[in-house]
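**Student:** I'd like to ask some things about the structure below.
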Amino acid sequence: MRTIKLSVVALFCLLSLLAISNNFIPALIVTGQTVDAALTAPTDVIASDNSYSNKVGITWDAVRGATTYSVLRNTVNDTASAISLGTTVAGSFFDTTAVTGQTYFYWVRAENGNTVSNLSAPDQGTRANGTIAGPVQPLNPPVAPAGNPVTATKAFLGKTLFWDEQLSSTRTVACGTCHFSTKGGSDIRAIINNARSTNPGADGLFGTADDVYASPGVVSNNSDGTFNLSPVYGFREQVTGRKSRSYIDAAYSDSLFWDGRATQVFPACELR
Ligand code: HEC
């Protein structure tokens with residue numbers, strides 16, 4: 001019993017030490033700020049590895065309730081001595097002060113006024129030594145349309161809507177059904193020689209040379225939820241005539257921006 005009591009006491013001491021270290025590290029928390037676990041720590045923090053020769057790019061998933069994000073860096077995996085690089089309302093940050101060839105640990109924290117989340121898990125990133133080969137330099141995030149600047153809350157709303165199946169008539173399809181995040185935004189369901197992803201093409205006949213393998217959609221249906229027997233697809237999902245394209249294609253088909261250079265107009269096909 002005594003051993004149990006002692007271990008409980010020891011556990012509490014450890015927990016409070018952890019809590020103190022998290023709340024009172026000068027580099028991480030400034031006066032007035034409080035850590036609230038209800039504001040989730042950012043996930044999927046990724047720092048670029050030699051993608052740029054003039055910076056390290058850090059990205060993460062949008063967090064519900066965040067209005068800004070703080071980015072921290074250290075040469076060792078130690079949050080206590082990490083330095084703050086600044087804050088942003090976007091879902092990405094460029095560390096232009098990274099020294100070439102030095103590997104850094106990066107952390108991101110969600111913030112809303114004086115409420116801050118815990119730090120994310122770290123990810124290591126490096127600025128490349130020398131120049132980046134290739135005719136096309138690595139892309140920066142797409143530039144926001146004039147009059148519609150990015151905010152952290154809008155970014156989270158966009159993420160939410162992207163995955164919301166309730167927006168479709170059958171309540172089974174979201175943007176993410178066709179645009180696969182893990183495949184750069186394209187549709188892995190568009191499988192060659194698969195009946196489920198075959199569009200009969202211009203002649204309306206399956207099994208002919210102009211068949212297209214593309215993104216499956218929904219079963220033909222009415223607003224009251226009843227289904228229609230389609231002369232082409234029966235009760236199967238209809239298939240669009242195209243395969244969904246990648247995010248990169250969507251964001252950069254009209255204009256390319258990188259490193260502050262002037263806008264260059266490219267035909268969309270060049271980027272595929
Ligand atoms: C049923 C599958 C499907 C769903 C659901 C879907 N898309 Fe698409 N998306 C496509 C296809 C197919 C194309 C390519 C169209 C073309 O090239 O003619 C496309 C193209 C796009 C493009 C343009 C890409 C470019 O190169 O210009 C954007 C942007 C896009 N989709 C965003 C979205 C968003 C946002 C949603 C949710 C509101 C969504 N898509 C839902 C299949 C889908």
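If you're wondering about the labels, chains in the structure tokens are A, B, ... by order shown, residues count from 1 in each chain, ligands from 1 in order shown.
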Quick one: residues within 8 Å of ligand 1, with only C-alpha atoms and all ligand atoms, as a short mmCIF file (atom, residue, chain, number, x, y, z; two decimals) with C-alpha atoms, in the first residue's frame?

**Tutor:**
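Saved to out20.cif:
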data_model
loop_
_atom_site.label_atom_id
_atom_site.label_comp_id
_atom_site.auth_asym_id
_atom_site.auth_seq_id
_atom_site.Cartn_x
_atom_site.Cartn_y
_atom_site.Cartn_z
CA LEU A 161 -15.99 21.87 -46.01
CA PHE A 162 -13.50 19.84 -48.07
CA VAL A 173 -19.56 12.55 -51.39
CA ALA A 174 -17.12 15.24 -50.29
CA CYS A 175 -14.36 16.99 -52.23
CA GLY A 176 -11.99 14.54 -50.52
CA THR A 177 -13.88 11.60 -52.07
CA CYS A 178 -12.37 12.44 -55.47
CA HIS A 179 -9.37 14.59 -54.54
CA ASP A 187 -8.26 10.42 -57.72
CA ALA A 214 -12.09 8.74 -64.53
CA SER A 215 -13.61 9.85 -61.20
CA PRO A 216 -16.72 7.97 -60.04
CA GLY A 217 -19.49 10.28 -58.80
CA VAL A 218 -22.89 9.36 -57.36
CA VAL A 239 -18.48 8.44 -63.87
CA THR A 240 -17.24 11.88 -64.85
CA GLY A 241 -15.42 12.24 -68.16
CA ARG A 242 -12.27 13.34 -66.37
CA LYS A 243 -10.01 12.28 -63.54
CA SER A 244 -9.67 14.84 -60.74
CA ARG A 245 -6.46 16.76 -60.99
CA SER A 246 -3.83 17.47 -58.37
CA TYR A 247 -3.83 20.39 -55.96
CA ILE A 248 -0.78 21.75 -57.66
CA ASP A 249 -2.59 21.77 -60.95
CA ALA A 250 -5.61 23.46 -59.39
CA ALA A 251 -3.62 26.14 -57.63
CA TYR A 252 -1.09 26.95 -60.33
CA SER A 253 -2.83 26.31 -63.63
CA ALA A 268 -2.08 23.99 -67.24
#

**Student:** Pick out each residue of segment 149-256 of chain A that DSSP on the backbone tags as alpha helix (DSSP H); I need them as a list in words.

**Tutor:**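 Alpha helix (DSSP H) members of segment 149-256 of chain A, listed: Ala152, Thr153, Lys154, Ala155, Phe156, Leu157, Gly158, Lys159, Thr160, Leu161, Phe162, Cys175, Gly176, Thr177, Cys178, Tyr247, Ile248, Asp249, Ala250, Ala251 and Tyr252 of chain A.
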
**Student:** Write the residues of the selection above to a file with N, CA and C atoms, as a compact mmCIF listing (two decimals), in the first residue's frame.

**Tutor:**
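again-v2.txt, written as the output of this step:
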# COMPACT_ATOMS: atom_id res chain seq x y z
N ALA A 152 -6.52 32.14 -40.41
CA ALA A 152 -6.47 30.79 -39.84
C ALA A 152 -7.87 30.20 -39.76
N THR A 153 -8.87 31.02 -39.46
CA THR A 153 -10.24 30.50 -39.33
C THR A 153 -10.80 30.10 -40.70
N LYS A 154 -10.51 30.89 -41.73
CA LYS A 154 -10.98 30.53 -43.07
C LYS A 154 -10.32 29.22 -43.53
N ALA A 155 -9.04 29.08 -43.20
CA ALA A 155 -8.34 27.85 -43.59
C ALA A 155 -8.98 26.65 -42.93
N PHE A 156 -9.39 26.79 -41.66
CA PHE A 156 -10.02 25.65 -40.98
C PHE A 156 -11.40 25.38 -41.58
N LEU A 157 -12.15 26.45 -41.91
CA LEU A 157 -13.46 26.27 -42.54
C LEU A 157 -13.30 25.52 -43.87
N GLY A 158 -12.29 25.91 -44.64
CA GLY A 158 -12.04 25.25 -45.92
C GLY A 158 -11.75 23.77 -45.75
N LYS A 159 -10.94 23.45 -44.75
CA LYS A 159 -10.62 22.05 -44.48
C LYS A 159 -11.89 21.29 -44.11
N THR A 160 -12.74 21.92 -43.27
CA THR A 160 -13.98 21.27 -42.82
C THR A 160 -14.91 21.01 -44.01
N LEU A 161 -15.09 22.03 -44.85
CA LEU A 161 -15.99 21.87 -46.01
C LEU A 161 -15.45 20.83 -46.98
N PHE A 162 -14.13 20.78 -47.13
CA PHE A 162 -13.50 19.84 -48.07
C PHE A 162 -13.88 18.39 -47.73
N CYS A 175 -15.46 16.71 -51.30
CA CYS A 175 -14.36 16.99 -52.23
C CYS A 175 -13.28 15.91 -52.08
N GLY A 176 -13.04 15.53 -50.81
CA GLY A 176 -11.99 14.54 -50.52
C GLY A 176 -12.30 13.15 -51.04
N THR A 177 -13.55 12.91 -51.49
CA THR A 177 -13.88 11.60 -52.07
C THR A 177 -13.15 11.42 -53.39
N CYS A 178 -13.03 12.51 -54.16
CA CYS A 178 -12.37 12.44 -55.47
C CYS A 178 -10.95 12.98 -55.45
N TYR A 247 -3.76 19.06 -56.58
CA TYR A 247 -3.83 20.39 -55.96
C TYR A 247 -2.92 21.38 -56.69
N ILE A 248 -1.77 20.87 -57.03
CA ILE A 248 -0.78 21.75 -57.66
C ILE A 248 -1.35 22.28 -58.96
N ASP A 249 -1.97 21.38 -59.71
CA ASP A 249 -2.59 21.77 -60.95
C ASP A 249 -3.68 22.82 -60.70
N ALA A 250 -4.50 22.56 -59.69
CA ALA A 250 -5.61 23.46 -59.39
C ALA A 250 -5.11 24.84 -58.98
N ALA A 251 -4.08 24.87 -58.18
CA ALA A 251 -3.62 26.14 -57.63
C ALA A 251 -2.77 26.94 -58.59
N TYR A 252 -2.07 26.24 -59.51
CA TYR A 252 -1.09 26.95 -60.33
C TYR A 252 -1.39 26.91 -61.82

**Student:** Run DSSP on the backbone and tell me which residues of segment 110-185 of chain A come out as strand (DSSP E); list them as a PyMOL selection string.

**Tutor:** chain A and resi 110-112+115-116+123-126

**Student:** Excluding Gly225 of chain A and its own-chain neighbours fewer than 2 positions away, which residues fall within 9 Å of it when counting only C-alpha atoms? Please give them as a list in words.

**Tutor:** Ser169, Thr170, Asn221, Asn222, Ser223 and Phe227 of chain A

**Student:** Emit the selected residues as a compact mmCIF listing (two decimals), in the first residue's frame, including N, CA and C atoms.

**Tutor:**
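Once everything was written out, this is part-v3.txt:
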# COMPACT_ATOMS: atom_id res chain seq x y z
N SER A 169 -25.78 15.71 -52.70
CA SER A 169 -27.20 15.35 -52.70
C SER A 169 -27.44 14.00 -52.02
N THR A 170 -26.49 13.08 -52.14
CA THR A 170 -26.67 11.77 -51.50
C THR A 170 -26.01 11.72 -50.12
N ASN A 221 -29.81 10.20 -58.78
CA ASN A 221 -30.80 10.23 -57.69
C ASN A 221 -31.64 11.49 -57.73
N ASN A 222 -32.74 11.45 -57.02
CA ASN A 222 -33.65 12.60 -56.94
C ASN A 222 -33.47 13.31 -55.60
N SER A 223 -34.04 14.52 -55.52
CA SER A 223 -33.86 15.30 -54.30
C SER A 223 -34.53 14.63 -53.09
N PHE A 227 -33.52 6.71 -56.03
CA PHE A 227 -32.54 6.55 -57.10
C PHE A 227 -33.21 6.35 -58.45

**Student:** Using only C-alpha atoms, find the one residue out of A:Ser117, A:Thr172, A:Thr131, A:Asn199 that sits nearest to Val35 of chain A.

**Tutor:** A:Ser117

**Student:** So which one's closest to Tyr104 of chain A, A:Ala90, A:Val143, A:Val56, A:Val63? Using only C-alpha atoms, please.

**Tutor:**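 Of the candidates, the smallest distance to Tyr104 of chain A is held by A:Val56.
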
**Student:** Which residues are near Pro122 of chain A? Cut-off 6 Å, only C-alpha atoms, ignore same chain within fewer than 6 positions. Put them as number ranges by chain.

**Tutor:** A: 105-107

**Student:** Need the shell around Lys55 of chain A: protein/DNA/RNA residues with any atom at most 10 Å away, counting only C-alpha atoms. Skip same-chain ones fewer than 6 positions apart. Format as a list in words?

**Tutor:**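 Counting only C-alpha atoms, the residues come to Ser48, Phe93, Phe94, Asp95, Thr96, Thr97, Ala98, Val99, Thr100, Gly125, Thr126, Arg127 and Ala128 of chain A.
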
**Student:** Just checking: using only C-alpha atoms, which residue out of A:Ser53, A:Thr182, A:Thr198, A:Asn148 ends up closest to Gln102 of chain A?

**Tutor:**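 Result for the nearest residue to Gln102 of chain A: A:Ser53.
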
**Student:** Which of these residues is nearest to Pro138 of chain A, using only C-alpha atoms: A:Thr75, A:Asn50, A:Thr43, A:Thr88?

**Tutor:**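 Among A:Thr75, A:Asn50, A:Thr43, A:Thr88, it is A:Asn50 that comes nearest to Pro138 of chain A.
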
**Student:** Hey, what's within 12 Å of Leu205 of chain A if we count only C-alpha atoms and toss same-chain stuff fewer than 5 positions away? As a count of residues only, please?

**Tutor:** 9

**Student:** Could you check how far atom CA of Ile188 of chain A sits from atom CA of Tyr213 of chain A, in Å to one decimal?

**Tutor:**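 Distance between the two atoms: 10.8 Å.
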